[in-house]
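Below is one structure, written out as structure tokens; the observations come after it.
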Amino acid sequence: MSATETTRIADPELEAFRALYADPRQRRAILRKINSNRLSQGLGILFKNRFVIPKAVRCLLRSMAGEFPLRSLEVAVGYECNFQCDQCSCALNHDRQRQRLTMDQFKSAIDQAMAMGAFQFNLNGGEPLLYYSDVLELCEYISSRGCYVHMATNGFLMTREKMLALKAAGLRSFEMGLDSSQEAQHDANRGMIGSFKKIMENTRMGAELGLRVAYNTVGSKDKIYNGDLLNTVRLAREMGVLLMITPPCVTGRWAGKFDVLLNEEEKWYLRWILARHPWARLDNYNGLRKLSCPAAREKMAVNPYGDVVSCPLIQIAYGNVVQEPLADIQARMLQDPFYLKDLSDGCLPSHDLNFIQERLVEGRDQHGMFRKTEKGA
């Protein structure tokens with residue numbers, strides 16, 4: 001951030017960041033605090049869901065032995081959506097000419113993921129509540145096998161009756177995208193008036209019904225510079241929820257927009273926020289042993305057509321679950337040396353310029369999706 005840009009953040013906390021950024025000792029302290037926050041968050045979630053502890057421990061031991069056990073599978077049940085978000089990572093992949101997986105095919109992929117060690121499943125889309133009956137069935141299927149079920153939704157179609165039914169089916173938590181702490185700005189970006197109010201309503205309803213609620217937001221440059229990111233963090237605390245911060249990535253509607261990527265000082269500003277506010281987190285908090293991008297090594301995603309990607313933000317199809325086993329597809333992913341790097345710095349599509357250029361830009365098709373199904377990197 002330049003001196004001119006930082007002055008646009010009217011917040012006394014910014015002075016603390018300015019004072020420490022140039023000091024390597026303070027940077028190391030930031031990383032230690034982030035790791036401490038990560039550990040306390042993870043243990044808190046585990047001990048509130050003790051049924052997954054044996055599975056989590058088995059995954060941890062396998063990881064310590066040098067293996068790559070699958071911890072989590074994200075399942076996009078469909079790409080239809082009732083919103084038009086500017087930053088959508090999957091909008092360009094919606095293909096009405098392709099058939100969605102059947103319920104049996106979704107369940108087969110889930111069974112294979114469990115056999116590979118997965119104990120956490122995230123149902124998403126598109127907007128998953130447009131496929132409510134399928135989501136309900138998958139919640140029941142996953143939870144009946146002793147695994148954790150989470151859902152990512154914009155929340156607009158949620159009702160008290162649906163929330164009760166989803167909880168009864170085994171849903172443990174859900175997150176909603178919150179694009180701004182300001183109602184008008186959030187609604188404008190989502191293309192839906194009333195979206196912000198609905199998120200607040202769902203948050204209170206989820207707490208009342210005993211479901212864990214989280215928000216997710218993109219830590220974009222404009223929100224850093226106008227103070228909205230900090231205000232969103234504070235709003236999450238006020239509402240009593242965790243806030244997942246996703247750094248901007250050049251995928252989906254932002255494919256090729258390199259200007260959205262954070263520079264080094266902006267990345268450290270984001271880390272500073274995470275260190276100071278323990279109810280905020282990044283996806284790499286989920287690493288089994290340390291802060292690490294989990295793509296391919298611990299997490300994969302299946303899209304509605306069966307294509308398997310290492311992460312929903314990395315639209316590289318390494319195979320299809322209808323054509324070959326999930327374990328074989330992960331093995332192919334892990335032949336790519338990018339996934340074997342030290343990934344503690346941040347997620348690949350937001351922080352690694354070589355990965356972005358070689359994997360997300362070169363060879364990308366006209367829809368923004370880089371298809372890669374041949375063997376090797």
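Lettering and numbering for the structure tokens are positional, with chains as A, B, ... in the shown order, residues counted from 1 in each chain, and ligands counted from 1 in the shown order.
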#### Entry: Shell around Glu137 of chain A at 10 Å using only C-alpha atoms, local window under 6 positions removed, as a ChimeraX atom specification
/A:103,107,166,169-170
### Contact residues around Ile34 of chain A with only C-alpha atoms at 9 Å, ignoring same-chain residues under 6 positions, as a list in words
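Within the cut-off, the hits are Arg271, Trp272, Leu274, Ala275, Arg276, Pro278, Arg281, Tyr285 and Leu291 of chain A.
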### Query
Residues at most 9 Å from Trp279 of chain A, counting only C-alpha atoms, excluding those fewer than 6 positions away in the same chain, as JSON, numbers by chain?
{"A": [37, 41, 233, 236, 237, 240, 241, 242, 243, 244]}
Given the selection you just returned, output its residues as a file containing N, CA, C and O atoms, formatted as a PDB file, in the first residue's frame.
```
ATOM      1  N   ASN A  37      -4.040 -18.601  16.599  1.00  0.00           N
ATOM      2  CA  ASN A  37      -5.469 -18.461  16.304  1.00  0.00           C
ATOM      3  C   ASN A  37      -5.989 -19.672  15.545  1.00  0.00           C
ATOM      4  O   ASN A  37      -7.087 -20.175  15.815  1.00  0.00           O
ATOM      5  N   GLN A  41      -8.920 -22.107  16.950  1.00  0.00           N
ATOM      6  CA  GLN A  41     -10.143 -22.256  16.163  1.00  0.00           C
ATOM      7  C   GLN A  41     -10.388 -23.723  15.819  1.00  0.00           C
ATOM      8  O   GLN A  41     -11.501 -24.238  15.975  1.00  0.00           O
ATOM      9  N   VAL A 233     -14.924  -7.447   9.452  1.00  0.00           N
ATOM     10  CA  VAL A 233     -14.401  -8.263  10.556  1.00  0.00           C
ATOM     11  C   VAL A 233     -15.126  -7.920  11.850  1.00  0.00           C
ATOM     12  O   VAL A 233     -15.523  -8.804  12.624  1.00  0.00           O
ATOM     13  N   ALA A 236     -18.672  -9.265  11.898  1.00  0.00           N
ATOM     14  CA  ALA A 236     -18.698 -10.699  12.188  1.00  0.00           C
ATOM     15  C   ALA A 236     -18.599 -10.946  13.693  1.00  0.00           C
ATOM     16  O   ALA A 236     -19.310 -11.792  14.250  1.00  0.00           O
ATOM     17  N   ARG A 237     -17.729 -10.174  14.344  1.00  0.00           N
ATOM     18  CA  ARG A 237     -17.615 -10.331  15.803  1.00  0.00           C
ATOM     19  C   ARG A 237     -18.926  -9.944  16.489  1.00  0.00           C
ATOM     20  O   ARG A 237     -19.384 -10.627  17.410  1.00  0.00           O
ATOM     21  N   GLY A 240     -21.293 -12.637  16.214  1.00  0.00           N
ATOM     22  CA  GLY A 240     -20.874 -13.875  16.858  1.00  0.00           C
ATOM     23  C   GLY A 240     -20.541 -14.995  15.904  1.00  0.00           C
ATOM     24  O   GLY A 240     -20.775 -16.170  16.224  1.00  0.00           O
ATOM     25  N   VAL A 241     -19.957 -14.670  14.731  1.00  0.00           N
ATOM     26  CA  VAL A 241     -19.656 -15.694  13.740  1.00  0.00           C
ATOM     27  C   VAL A 241     -18.190 -15.615  13.322  1.00  0.00           C
ATOM     28  O   VAL A 241     -17.519 -14.594  13.483  1.00  0.00           O
ATOM     29  N   LEU A 242     -17.686 -16.724  12.777  1.00  0.00           N
ATOM     30  CA  LEU A 242     -16.375 -16.724  12.150  1.00  0.00           C
ATOM     31  C   LEU A 242     -16.473 -16.057  10.784  1.00  0.00           C
ATOM     32  O   LEU A 242     -17.490 -16.163  10.104  1.00  0.00           O
ATOM     33  N   LEU A 243     -15.393 -15.395  10.390  1.00  0.00           N
ATOM     34  CA  LEU A 243     -15.332 -14.769   9.072  1.00  0.00           C
ATOM     35  C   LEU A 243     -14.203 -15.398   8.273  1.00  0.00           C
ATOM     36  O   LEU A 243     -13.035 -15.294   8.650  1.00  0.00           O
ATOM     37  N   MET A 244     -14.541 -16.056   7.177  1.00  0.00           N
ATOM     38  CA  MET A 244     -13.547 -16.594   6.256  1.00  0.00           C
ATOM     39  C   MET A 244     -13.181 -15.498   5.262  1.00  0.00           C
ATOM     40  O   MET A 244     -14.051 -14.974   4.558  1.00  0.00           O
TER      41      MET A 244
END
```
### Summary
Ala214 of chain A proximity check over A:Val135, A:Ala152, A:Met192, A:Leu262, using only C-alpha atoms: winner is A:Ala152
### Task
Per DSSP on the backbone, filter segment 112-191 of chain A down to the residues in helix (DSSP H, G or I) and report them as an MDAnalysis selection string.
chainID A and resid 112:115 128:143 160:169 183:190
Determine which residues of segment 169-272 of chain A DSSP labels as strand (DSSP E or B) from the backbone of this structure, then write them out as a JSON list (two decimals) with N, CA and C atoms, in the first residue's frame.
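After the write, selection-v6.json holds the following:
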```json
[["chain", "number", "residue", "atom", "x", "y", "z"],
["A", 171, "LEU", "N", -26.86, -31.31, 8.79],
["A", 171, "LEU", "CA", -26.03, -30.14, 8.53],
["A", 171, "LEU", "C", -25.54, -29.57, 9.86],
["A", 172, "ARG", "N", -24.23, -29.32, 9.95],
["A", 172, "ARG", "CA", -23.64, -28.81, 11.19],
["A", 172, "ARG", "C", -23.38, -27.31, 11.13],
["A", 173, "SER", "N", -23.15, -26.78, 9.94],
["A", 173, "SER", "CA", -22.82, -25.37, 9.83],
["A", 173, "SER", "C", -23.09, -24.89, 8.41],
["A", 174, "PHE", "N", -23.20, -23.58, 8.27],
["A", 174, "PHE", "CA", -23.31, -23.01, 6.93],
["A", 174, "PHE", "C", -22.66, -21.63, 6.93],
["A", 175, "GLU", "N", -22.17, -21.25, 5.77],
["A", 175, "GLU", "CA", -21.56, -19.94, 5.62],
["A", 175, "GLU", "C", -22.28, -19.17, 4.52],
["A", 176, "MET", "N", -22.27, -17.85, 4.66],
["A", 176, "MET", "CA", -22.92, -16.99, 3.68],
["A", 176, "MET", "C", -21.92, -15.93, 3.21],
["A", 177, "GLY", "N", -21.96, -15.64, 1.92],
["A", 177, "GLY", "CA", -21.07, -14.63, 1.38],
["A", 177, "GLY", "C", -21.51, -13.24, 1.78],
["A", 212, "ARG", "N", -23.96, -23.69, 13.56],
["A", 212, "ARG", "CA", -22.82, -22.77, 13.50],
["A", 212, "ARG", "C", -22.89, -21.98, 12.20],
["A", 213, "VAL", "N", -22.77, -20.68, 12.29],
["A", 213, "VAL", "CA", -22.87, -19.80, 11.13],
["A", 213, "VAL", "C", -21.53, -19.11, 10.91],
["A", 214, "ALA", "N", -21.15, -18.95, 9.65],
["A", 214, "ALA", "CA", -19.94, -18.22, 9.30],
["A", 214, "ALA", "C", -20.24, -17.32, 8.11],
["A", 215, "TYR", "N", -19.41, -16.31, 7.93],
["A", 215, "TYR", "CA", -19.46, -15.47, 6.74],
["A", 215, "TYR", "C", -18.19, -15.71, 5.94],
["A", 216, "ASN", "N", -18.25, -15.42, 4.64],
["A", 216, "ASN", "CA", -17.03, -15.36, 3.85],
["A", 216, "ASN", "C", -17.02, -14.06, 3.05],
["A", 217, "THR", "N", -15.85, -13.51, 2.90],
["A", 217, "THR", "CA", -15.70, -12.26, 2.16],
["A", 217, "THR", "C", -14.38, -12.26, 1.43],
["A", 218, "VAL", "N", -14.29, -11.53, 0.35],
["A", 218, "VAL", "CA", -13.04, -11.41, -0.39],
["A", 218, "VAL", "C", -12.25, -10.22, 0.15],
["A", 242, "LEU", "N", -17.69, -16.72, 12.78],
["A", 242, "LEU", "CA", -16.37, -16.72, 12.15],
["A", 242, "LEU", "C", -16.47, -16.06, 10.78],
["A", 243, "LEU", "N", -15.39, -15.40, 10.39],
["A", 243, "LEU", "CA", -15.33, -14.77, 9.07],
["A", 243, "LEU", "C", -14.20, -15.40, 8.27],
["A", 244, "MET", "N", -14.54, -16.06, 7.18],
["A", 244, "MET", "CA", -13.55, -16.59, 6.26],
["A", 244, "MET", "C", -13.18, -15.50, 5.26],
["A", 245, "ILE", "N", -11.90, -15.13, 5.22],
["A", 245, "ILE", "CA", -11.43, -14.13, 4.28],
["A", 245, "ILE", "C", -10.71, -14.84, 3.13],
["A", 246, "THR", "N", -11.19, -14.62, 1.92],
["A", 246, "THR", "CA", -10.56, -15.20, 0.74],
["A", 246, "THR", "C", -9.77, -14.12, 0.02]]
```
### Task
Using only C-alpha atoms, determine which residues lie at most 7 Å from segment 194-198 of chain A, disregarding the query and same-chain residues fewer than 6 positions distant; provide the list as a PyMOL selection string.
chain A and resi 155-156+183+186-187
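Near Ser292 of chain A, within a cut-off of 8 Å and counting only C-alpha atoms, sit the residues Asn284, Tyr285, Asn286, Asp342, Leu343, Ser344, Asp345, Gly346 and Cys347 of chain A, with same-chain residues fewer than 6 positions away left out.
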### Task
Using only C-alpha atoms, pick whichever of A:Asp111, A:Glu127, A:Asp228, A:Asp352 has the shortest atom-to-atom distance to Leu157 of chain A.
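Of all the options, A:Glu127 lies closest to Leu157 of chain A.
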With a distance cut-off of 12 Å and only C-alpha atoms, select the neighbouring residues of Leu353 of chain A, excluding the residue or stretch itself and same-chain residues fewer than 3 positions from it, and output the selection as a PDB file with C-alpha atoms, in the first residue's frame.
```
ATOM      1  CA  CYS A 249      -7.915 -14.764  -7.196  1.00  0.00           C
ATOM      2  CA  VAL A 250      -7.780 -14.487 -10.989  1.00  0.00           C
ATOM      3  CA  GLY A 256      -6.941 -12.583 -16.251  1.00  0.00           C
ATOM      4  CA  PHE A 258      -4.065  -9.400 -12.484  1.00  0.00           C
ATOM      5  CA  LEU A 261      -4.035  -9.527  -6.829  1.00  0.00           C
ATOM      6  CA  LEU A 262      -2.612  -8.214  -3.558  1.00  0.00           C
ATOM      7  CA  ASN A 263       0.944  -6.918  -3.386  1.00  0.00           C
ATOM      8  CA  PHE A 338       3.234 -26.839  -7.657  1.00  0.00           C
ATOM      9  CA  GLY A 346      -1.239 -18.450   0.943  1.00  0.00           C
ATOM     10  CA  CYS A 347      -3.478 -20.041  -1.649  1.00  0.00           C
ATOM     11  CA  LEU A 348      -1.968 -20.819  -5.039  1.00  0.00           C
ATOM     12  CA  PRO A 349      -4.379 -18.837  -7.281  1.00  0.00           C
ATOM     13  CA  SER A 350      -3.906 -15.671  -5.226  1.00  0.00           C
ATOM     14  CA  ILE A 356      -1.210 -18.330 -11.991  1.00  0.00           C
ATOM     15  CA  GLN A 357       0.666 -17.773 -15.237  1.00  0.00           C
ATOM     16  CA  GLU A 358       1.480 -21.409 -16.047  1.00  0.00           C
ATOM     17  CA  ARG A 359      -1.714 -23.067 -14.850  1.00  0.00           C
ATOM     18  CA  LEU A 360      -4.492 -20.472 -14.874  1.00  0.00           C
ATOM     19  CA  VAL A 361      -3.556 -18.304 -17.840  1.00  0.00           C
TER      20      VAL A 361
END
```
### Query
For Arg190 of chain A, which of A:Asn226, A:Gln112, A:Asn154, A:Ser36 is the closest residue, counting only C-alpha atoms?
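Looking only at the distances to Arg190 of chain A, the closest residue turns out to be A:Asn154.
Coordinates place atom CA of Ala317 of chain A at a distance of 12.3 Å from atom CA of Pro304 of chain A.
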### Message
So, with only C-alpha atoms as the atoms that count, which of A:Ile45, A:Val302, A:Ala255, A:Ile224 lies closest to Glu362 of chain A?
### Response
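Among the listed residues, A:Ala255 lies closest to Glu362 of chain A.
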